[in-house]
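Enquirer: If it helps, the file is called final-v6.cif and holds mmCIF, C-alpha atoms and all ligand atoms:
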```cif
data_run
#
loop_
_atom_site.label_atom_id
_atom_site.label_comp_id
_atom_site.auth_asym_id
_atom_site.auth_seq_id
_atom_site.Cartn_x
_atom_site.Cartn_y
_atom_site.Cartn_z
CA MET J 1 -12.31 0.87 15.30
CA ALA J 2 -10.02 -1.65 13.61
CA ARG J 3 -6.97 -2.90 15.53
CA ILE J 4 -3.76 -4.76 14.81
CA THR J 5 -3.71 -7.47 17.46
CA ALA J 6 -0.88 -9.70 16.28
CA SER J 7 1.97 -10.08 13.82
CA VAL J 8 3.31 -13.18 12.15
CA TYR J 9 6.79 -13.55 10.63
CA THR J 10 7.73 -16.43 8.36
CA SER J 11 10.00 -17.44 5.50
CA HIS J 12 8.28 -18.04 2.15
CA VAL J 13 10.46 -20.63 0.38
CA PRO J 14 8.71 -21.87 -2.81
CA ALA J 15 9.75 -25.51 -2.21
CA ILE J 16 7.58 -25.48 0.95
CA GLY J 17 4.54 -24.80 -1.22
CA ALA J 18 5.61 -27.55 -3.63
CA ALA J 19 6.04 -30.00 -0.71
CA MET J 20 2.45 -29.29 0.38
CA ASP J 21 1.04 -29.39 -3.14
CA LEU J 22 2.77 -32.72 -3.88
CA GLY J 23 1.82 -34.38 -0.56
CA LYS J 24 5.40 -34.61 0.78
CA THR J 25 4.97 -32.94 4.16
CA GLN J 26 5.45 -36.17 6.14
CA GLU J 27 8.66 -37.13 4.34
CA PRO J 28 11.70 -37.10 6.68
CA TYR J 29 13.16 -34.00 5.01
CA TRP J 30 10.00 -31.92 5.46
CA GLN J 31 8.37 -33.32 8.59
CA PRO J 32 10.46 -31.30 11.12
CA LEU J 33 9.70 -28.08 9.26
CA PHE J 34 5.93 -28.58 9.16
CA LYS J 35 5.92 -29.69 12.81
CA GLY J 36 7.12 -26.19 13.67
CA TYR J 37 3.87 -24.80 12.23
CA ASP J 38 1.44 -27.14 14.07
CA PHE J 39 1.14 -24.57 16.86
CA SER J 40 0.62 -21.77 14.32
CA ARG J 41 -2.25 -23.52 12.53
CA GLN J 42 -4.09 -24.03 15.81
CA TRP J 43 -3.27 -20.44 16.81
CA MET J 44 -4.82 -19.22 13.54
CA LYS J 45 -8.05 -21.05 14.42
CA ASP J 46 -8.05 -19.74 18.00
CA ASN J 47 -7.17 -16.16 16.96
CA LYS J 48 -8.94 -15.88 13.63
CA PRO J 49 -8.31 -12.45 12.09
CA ASP J 50 -10.90 -10.52 10.09
CA VAL J 51 -8.19 -9.33 7.69
CA ILE J 52 -4.52 -10.18 7.11
CA PHE J 53 -2.23 -7.39 5.91
CA LEU J 54 0.47 -9.48 4.25
CA VAL J 55 3.88 -7.90 3.57
CA TYR J 56 5.88 -9.87 1.00
CA ASN J 57 8.00 -9.43 -2.07
CA ASP J 58 7.00 -10.19 -5.61
CA HIS J 59 9.63 -12.32 -7.42
CA ALA J 60 9.42 -10.76 -10.90
CA THR J 61 5.90 -12.19 -11.26
CA ALA J 62 3.47 -9.25 -11.15
CA PHE J 63 6.29 -6.75 -11.62
CA SER J 64 9.54 -6.97 -13.55
CA LEU J 65 12.62 -4.86 -14.15
CA ASP J 66 10.32 -2.77 -16.41
CA CYS J 67 8.55 -1.29 -13.40
CA ILE J 68 9.73 -1.55 -9.78
CA PRO J 69 7.45 -0.02 -7.13
CA THR J 70 9.14 0.28 -3.72
CA PHE J 71 5.83 -0.24 -1.88
CA ALA J 72 2.69 -1.55 -3.64
CA ILE J 73 -0.67 -2.11 -1.93
CA GLY J 74 -3.26 -4.44 -3.40
CA THR J 75 -6.65 -2.74 -3.58
CA ALA J 76 -8.36 -5.40 -5.69
CA ALA J 77 -11.33 -7.60 -4.75
CA GLU J 78 -9.38 -10.78 -5.51
CA TYR J 79 -6.02 -12.14 -6.64
CA GLN J 80 -5.22 -15.36 -8.48
CA PRO J 81 -2.24 -17.59 -7.58
CA ALA J 82 0.48 -16.83 -10.14
CA ASP J 83 2.01 -19.18 -12.67
CA GLU J 84 5.70 -19.11 -11.76
CA GLY J 85 6.71 -21.57 -14.45
CA TRP J 86 5.04 -24.81 -13.30
CA GLY J 87 1.42 -23.63 -13.51
CA PRO J 88 -0.41 -21.81 -10.73
CA ARG J 89 -0.25 -23.45 -7.27
CA PRO J 90 -3.41 -25.49 -6.55
CA VAL J 91 -4.58 -23.15 -3.79
CA PRO J 92 -7.69 -20.98 -3.50
CA ARG J 93 -7.83 -17.49 -4.95
CA VAL J 94 -7.03 -14.76 -2.44
CA VAL J 95 -9.98 -12.55 -1.55
CA GLY J 96 -8.97 -8.92 -0.97
CA HIS J 97 -10.43 -6.16 1.19
CA PRO J 98 -10.69 -3.18 -1.16
CA GLU J 99 -12.39 -0.92 1.42
CA LEU J 100 -9.74 -1.30 4.13
CA ALA J 101 -6.93 -1.34 1.54
CA SER J 102 -8.16 1.95 0.02
CA HIS J 103 -8.48 3.48 3.47
CA ILE J 104 -4.92 2.42 4.37
CA ALA J 105 -3.66 3.80 1.05
CA GLN J 106 -5.39 7.14 1.70
CA SER J 107 -4.04 7.40 5.25
CA VAL J 108 -0.50 6.16 4.59
CA ILE J 109 -0.05 8.36 1.52
CA GLN J 110 -1.22 11.37 3.56
CA GLN J 111 1.44 10.32 6.11
CA ASP J 112 3.97 10.89 3.28
CA PHE J 113 4.65 7.33 2.11
CA ASP J 114 4.21 7.04 -1.64
CA LEU J 115 2.44 3.75 -2.28
CA THR J 116 1.68 2.25 -5.68
CA LEU J 117 -1.96 1.17 -5.94
CA VAL J 118 -2.43 -2.21 -7.60
CA ASN J 119 -5.92 -3.01 -8.84
CA ARG J 120 -4.94 -6.17 -10.67
CA MET J 121 -2.14 -8.67 -10.06
CA ASP J 122 -1.42 -12.34 -9.51
CA VAL J 123 0.28 -13.33 -6.27
CA ASP J 124 3.34 -15.58 -6.17
CA HIS J 125 4.94 -17.87 -3.56
CA GLY J 126 5.93 -14.84 -1.47
CA LEU J 127 2.26 -14.52 -0.50
CA THR J 128 0.75 -17.98 -1.00
CA VAL J 129 3.43 -20.01 0.85
CA PRO J 130 2.95 -18.10 4.16
CA LEU J 131 -0.82 -18.61 3.83
CA SER J 132 -0.31 -22.34 3.23
CA LEU J 133 2.09 -22.66 6.16
CA MET J 134 -0.22 -20.85 8.57
CA CYS J 135 -3.57 -22.18 7.35
CA GLY J 136 -2.72 -25.68 6.07
CA GLU J 137 -3.89 -27.38 2.87
CA GLN J 138 -6.96 -25.88 1.19
CA ASP J 139 -8.90 -27.29 -1.71
CA PRO J 140 -8.30 -24.92 -4.65
CA LYS J 141 -11.97 -25.03 -5.71
CA THR J 142 -14.08 -25.62 -2.61
CA GLY J 143 -11.64 -24.30 0.00
CA ALA J 144 -10.93 -20.73 1.04
CA TRP J 145 -8.35 -18.84 3.08
CA PRO J 146 -9.76 -17.95 6.50
CA CYS J 147 -10.24 -14.24 5.77
CA PRO J 148 -9.58 -11.47 3.25
CA VAL J 149 -5.93 -10.56 2.63
CA ILE J 150 -4.41 -7.20 1.67
CA PRO J 151 -1.21 -7.91 -0.30
CA PHE J 152 1.57 -5.40 0.31
CA ALA J 153 4.55 -5.90 -2.02
CA VAL J 154 7.96 -4.43 -1.14
CA ASN J 155 10.88 -4.16 -3.53
CA VAL J 156 13.79 -6.14 -2.08
CA VAL J 157 14.92 -7.43 -5.47
CA GLN J 158 16.46 -4.43 -7.26
CA TYR J 159 18.52 -1.84 -5.36
CA PRO J 160 17.83 0.70 -3.97
CA VAL J 161 15.55 -1.06 -1.48
CA PRO J 162 13.95 0.69 1.52
CA SER J 163 15.93 1.08 4.74
CA GLY J 164 15.06 -0.65 7.99
CA GLN J 165 14.11 2.67 9.55
CA ARG J 166 11.76 3.47 6.69
CA CYS J 167 10.14 0.05 7.10
CA VAL J 168 9.57 0.60 10.84
CA ASN J 169 8.14 4.07 10.16
CA LEU J 170 5.88 2.63 7.48
CA GLY J 171 4.65 0.00 9.94
CA ARG J 172 3.74 2.76 12.37
CA ALA J 173 1.86 4.60 9.62
CA ILE J 174 -0.03 1.40 8.74
CA ARG J 175 -1.01 0.94 12.38
CA LYS J 176 -2.30 4.52 12.53
CA ALA J 177 -4.24 3.94 9.31
CA VAL J 178 -5.83 0.74 10.61
CA GLU J 179 -6.78 2.41 13.89
CA SER J 180 -8.58 5.18 12.02
CA TYR J 181 -10.86 2.71 10.17
CA ASP J 182 -14.25 2.88 11.78
CA GLU J 183 -15.32 -0.76 11.42
CA ASP J 184 -14.47 -3.10 14.29
CA LEU J 185 -11.92 -5.39 12.61
CA ASN J 186 -9.27 -7.67 14.07
CA VAL J 187 -6.27 -7.21 11.76
CA HIS J 188 -3.08 -9.29 11.70
CA ILE J 189 0.03 -8.05 9.95
CA TRP J 190 2.50 -10.55 8.51
CA GLY J 191 6.14 -9.97 7.53
CA THR J 192 7.54 -12.63 5.21
CA GLY J 193 10.76 -13.65 3.44
CA GLY J 194 14.23 -14.57 4.71
CA MET J 195 15.89 -15.82 6.78
CA SER J 196 19.50 -16.29 5.65
CA HIS J 197 19.83 -17.49 2.07
CA GLN J 198 21.76 -16.76 -1.07
CA LEU J 199 20.60 -18.35 -4.30
CA GLN J 200 23.45 -17.43 -6.65
CA GLY J 201 27.15 -16.71 -6.97
CA ALA J 202 30.13 -17.97 -5.03
CA ARG J 203 28.28 -17.89 -1.68
CA ALA J 204 25.15 -19.75 -2.90
CA GLY J 205 23.82 -21.92 -0.08
CA LEU J 206 24.96 -19.56 2.69
CA ILE J 207 23.17 -20.05 6.02
CA ASN J 208 24.00 -18.13 9.22
CA LYS J 209 22.12 -19.59 12.21
CA GLU J 210 23.74 -17.35 14.82
CA TRP J 211 22.96 -14.17 12.94
CA ASP J 212 19.38 -15.27 12.17
CA ASN J 213 18.66 -16.00 15.83
CA ARG J 214 20.18 -12.69 16.90
CA PHE J 215 17.90 -11.03 14.33
CA LEU J 216 14.88 -12.74 15.94
CA ASP J 217 16.01 -11.61 19.42
CA LEU J 218 16.42 -8.00 18.26
CA LEU J 219 13.16 -8.01 16.33
CA ILE J 220 11.35 -8.95 19.53
CA GLU J 221 13.29 -6.81 22.02
CA ASN J 222 14.92 -3.93 20.17
CA PRO J 223 13.35 -3.24 16.78
CA SER J 224 14.45 0.43 16.94
CA GLY J 225 18.06 -0.68 17.20
CA LEU J 226 17.56 -3.26 14.45
CA ALA J 227 16.12 -0.55 12.22
CA GLN J 228 19.58 1.10 12.17
CA MET J 229 21.23 -1.95 10.61
CA PRO J 230 22.51 -1.09 7.11
CA HIS J 231 21.67 -3.26 4.11
CA ILE J 232 25.26 -4.37 3.73
CA ASP J 233 25.07 -6.16 7.09
CA TYR J 234 22.04 -8.19 5.95
CA VAL J 235 23.75 -9.13 2.71
CA ARG J 236 27.16 -9.94 4.25
CA GLU J 237 25.73 -11.94 7.15
CA ALA J 238 22.50 -13.44 5.73
CA GLY J 239 23.29 -13.63 2.00
CA SER J 240 21.98 -11.65 -0.95
CA GLU J 241 18.36 -12.78 -0.40
CA GLY J 242 18.67 -12.24 3.36
CA ILE J 243 17.77 -8.62 2.59
CA GLU J 244 14.12 -9.84 2.47
CA LEU J 245 14.24 -9.66 6.28
CA VAL J 246 13.97 -5.88 6.14
CA MET J 247 10.26 -6.46 5.38
CA TRP J 248 9.78 -7.98 8.84
CA LEU J 249 10.40 -4.50 10.27
CA ILE J 250 7.19 -3.24 8.63
CA ALA J 251 5.15 -5.78 10.58
CA ARG J 252 7.12 -5.13 13.78
CA GLY J 253 6.72 -1.35 13.39
CA ALA J 254 2.95 -1.83 13.21
CA MET J 255 2.85 -3.49 16.65
CA SER J 256 2.35 -1.55 19.89
CA ASP J 257 4.69 1.38 19.55
CA VAL J 258 8.25 0.17 19.48
CA ASP J 259 9.54 3.31 21.27
CA SER J 260 6.81 3.66 23.89
CA PRO J 261 6.97 2.24 27.41
CA ALA J 262 4.16 -0.17 26.40
CA PRO J 263 5.03 -3.79 27.20
CA LEU J 264 6.83 -5.74 24.49
CA PRO J 265 4.48 -7.90 22.44
CA LYS J 266 4.08 -11.42 23.82
CA VAL J 267 6.02 -14.10 21.94
CA ALA J 268 3.30 -16.68 21.30
CA HIS J 269 5.56 -18.89 19.17
CA ARG J 270 9.15 -19.01 17.94
CA PHE J 271 10.60 -21.57 15.53
CA TYR J 272 13.79 -21.93 13.51
CA HIS J 273 14.75 -24.70 11.12
CA VAL J 274 17.52 -25.36 8.59
CA PRO J 275 17.27 -26.20 5.76
CA ALA J 276 14.26 -25.73 3.55
CA SER J 277 15.74 -25.90 0.07
CA ASN J 278 18.54 -23.29 0.23
CA THR J 279 17.01 -21.27 3.02
CA ALA J 280 16.91 -20.99 6.81
CA VAL J 281 13.29 -20.88 7.96
CA GLY J 282 12.43 -18.53 10.81
CA HIS J 283 9.00 -18.01 12.29
CA LEU J 284 7.55 -15.83 15.06
CA ILE J 285 4.08 -15.00 16.29
CA LEU J 286 3.84 -11.82 18.39
CA GLU J 287 0.68 -10.70 20.16
CA ASN J 288 0.01 -7.17 21.35
CA GLN J 289 -0.56 -7.13 25.11
O1 LIG Y 1 15.61 -21.69 -1.01
C1 LIG Y 1 15.07 -21.56 -2.12
O2 LIG Y 1 15.09 -22.47 -2.95
C2 LIG Y 1 14.36 -20.28 -2.48
C3 LIG Y 1 14.03 -20.01 -3.79
C4 LIG Y 1 13.35 -18.83 -4.12
C5 LIG Y 1 12.99 -17.95 -3.12
O3 LIG Y 1 12.29 -16.82 -3.38
C6 LIG Y 1 13.31 -18.23 -1.79
O4 LIG Y 1 12.94 -17.32 -0.85
C7 LIG Y 1 13.99 -19.39 -1.48
#
```
Let me see the structure of the file written as structure tokens.
Ligand SMILES: O=C(O)c1ccc(O)c(O)c1
Expert:
Amino acid sequence: MARITASVYTSHVPAIGAAMDLGKTQEPYWQPLFKGYDFSRQWMKDNKPDVIFLVYNDHATAFSLDCIPTFAIGTAAEYQPADEGWGPRPVPRVVGHPELASHIAQSVIQQDFDLTLVNRMDVDHGLTVPLSLMCGEQDPKTGAWPCPVIPFAVNVVQYPVPSGQRCVNLGRAIRKAVESYDEDLNVHIWGTGGMSHQLQGARAGLINKEWDNRFLDLLIENPSGLAQMPHIDYVREAGSEGIELVMWLIARGAMSDVDSPAPLPKVAHRFYHVPASNTAVGHLILENQ
């Protein structure tokens, strides 16, 4: 049987990818940020997953205002890094896991979540920057990500976006789906995006360290309570793009049941850093006990 053993949460700021691609990680501006991921890169080697289920948002790259799926699961065999205006990032292609992805789609749709199936798409910084942060530099031609990845895109760009409670419930459904797959696979689920940032308008540049750290506390200790938080609180406190944090509740919902007496997941790593471009970077690694 397949199992979700751990979850990873991280921001996915595009400038982080550019800093890696342009060899700037040891510059004074970037060095403290990348230092926060030294532990994570070693942890990835020590806890190598068979598959990563990667929750992220597409930034009008594969989708556009023409077509806005709330939840889209990648069922393809591979995905190319997207051209977001400066050419594709020099990182390896992303190998998918069509068998597990199709199984999760079957199970989750039968659990009454309507997923869009995506058999072809390019993946943008929302997906490739977390991989780069967690796995380090990879040669685009000879290198490879450590394992297959199932991309799971969530609409947090155009309202209405899914509620926190729906995201937690979806995480639970994904866990159930994974546990009904009959191959022995070690699966990690990642929630990406956030933390506080606002890229436009009068409040552009907004950062809210206190609120971000409270969010991390609640995500660890009280995800059911956090699931009740309305969208307006995210947007008021963490800026218009802070709403991306609702995706972290999908990964948290997929961990050992948030409402059961099971022990809380172990916090293997916690990191917070401001700024990376216009964004507060938050990062957690939780392990099921
Ligand atoms: O801080 C930034 O520059 C920035 C830009 C685009 C994004 O999608 C993002 O999450 C952050």
Enquirer: Within 10 Å of ligand LIG 1 (chain Y) (counting all atoms listed in the file), which residues show up? I'd like them as a PyMOL selection string.
Expert: chain J and resi 11-16+57-59+124-126+157+192-199+204-205+241-242+244+275-281
Enquirer: Find the residue from J:Asp259, J:Glu78, J:Asp83, J:Asp66 that sits nearest to Gln158 (chain J); use all atoms listed in the file when measuring.
Expert: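 Using all atoms listed in the file, Gln158 (chain J) sits closest to J:Asp66.
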Enquirer: Have a look at CA of Arg3 (chain J) and CA of Arg172 (chain J) and let me know their distance in Å, one decimal.
Expert: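 Interatomic distance here is 12.5 Å.
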Enquirer: Using all atoms listed in the file, which residues sit within 12 Å of Thr142 (chain J) once same-chain residues fewer than 5 positions away are excluded, as a list in words?
Expert: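 The residues satisfying every condition are Pro90, Val91, Pro92, Arg93 and Glu137 of chain J.
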Enquirer: Have a look at J:Leu226, J:Ile232, J:Ile285, J:Leu115 and name the one nearest to Tyr37 (chain J); count only C-alpha atoms.
Expert: J:Ile285
Enquirer: Do you know which residues are at most 7 Å from Ile150 (chain J) counting only C-alpha atoms, after dropping those on the same chain fewer than 2 positions away, and could you put them as a PyMOL selection string?
Expert: chain J and resi 52-54+74+96-97+101+148+152
Enquirer: Report, in Å to a single decimal, how far apart CA of Val95 (chain J) and CA of Ala144 (chain J) are.
Expert: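 Result for CA of Ala144 (chain J) versus CA of Val95 (chain J): 8.6 Å, one decimal.
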Enquirer: So the first atom is CA of Gln165 (chain J) and the second is CA of Gln228 (chain J); what is the distance between them in Å, to one decimal place?
Expert: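 Between these atoms lies a distance of 6.3 Å.
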Enquirer: With a distance cut-off of 12 Å and all atoms listed in the file, select the neighbouring residues of Leu284 (chain J), excluding the residue or stretch itself and same-chain residues fewer than 3 positions from it, and output the selection as JSON, numbers by chain.
Expert: {"J": [6, 7, 8, 9, 10, 11, 36, 37, 39, 40, 43, 134, 189, 190, 191, 192, 195, 213, 215, 216, 217, 219, 220, 248, 251, 252, 265, 266, 267, 268, 269, 270, 271, 272, 281, 287]}
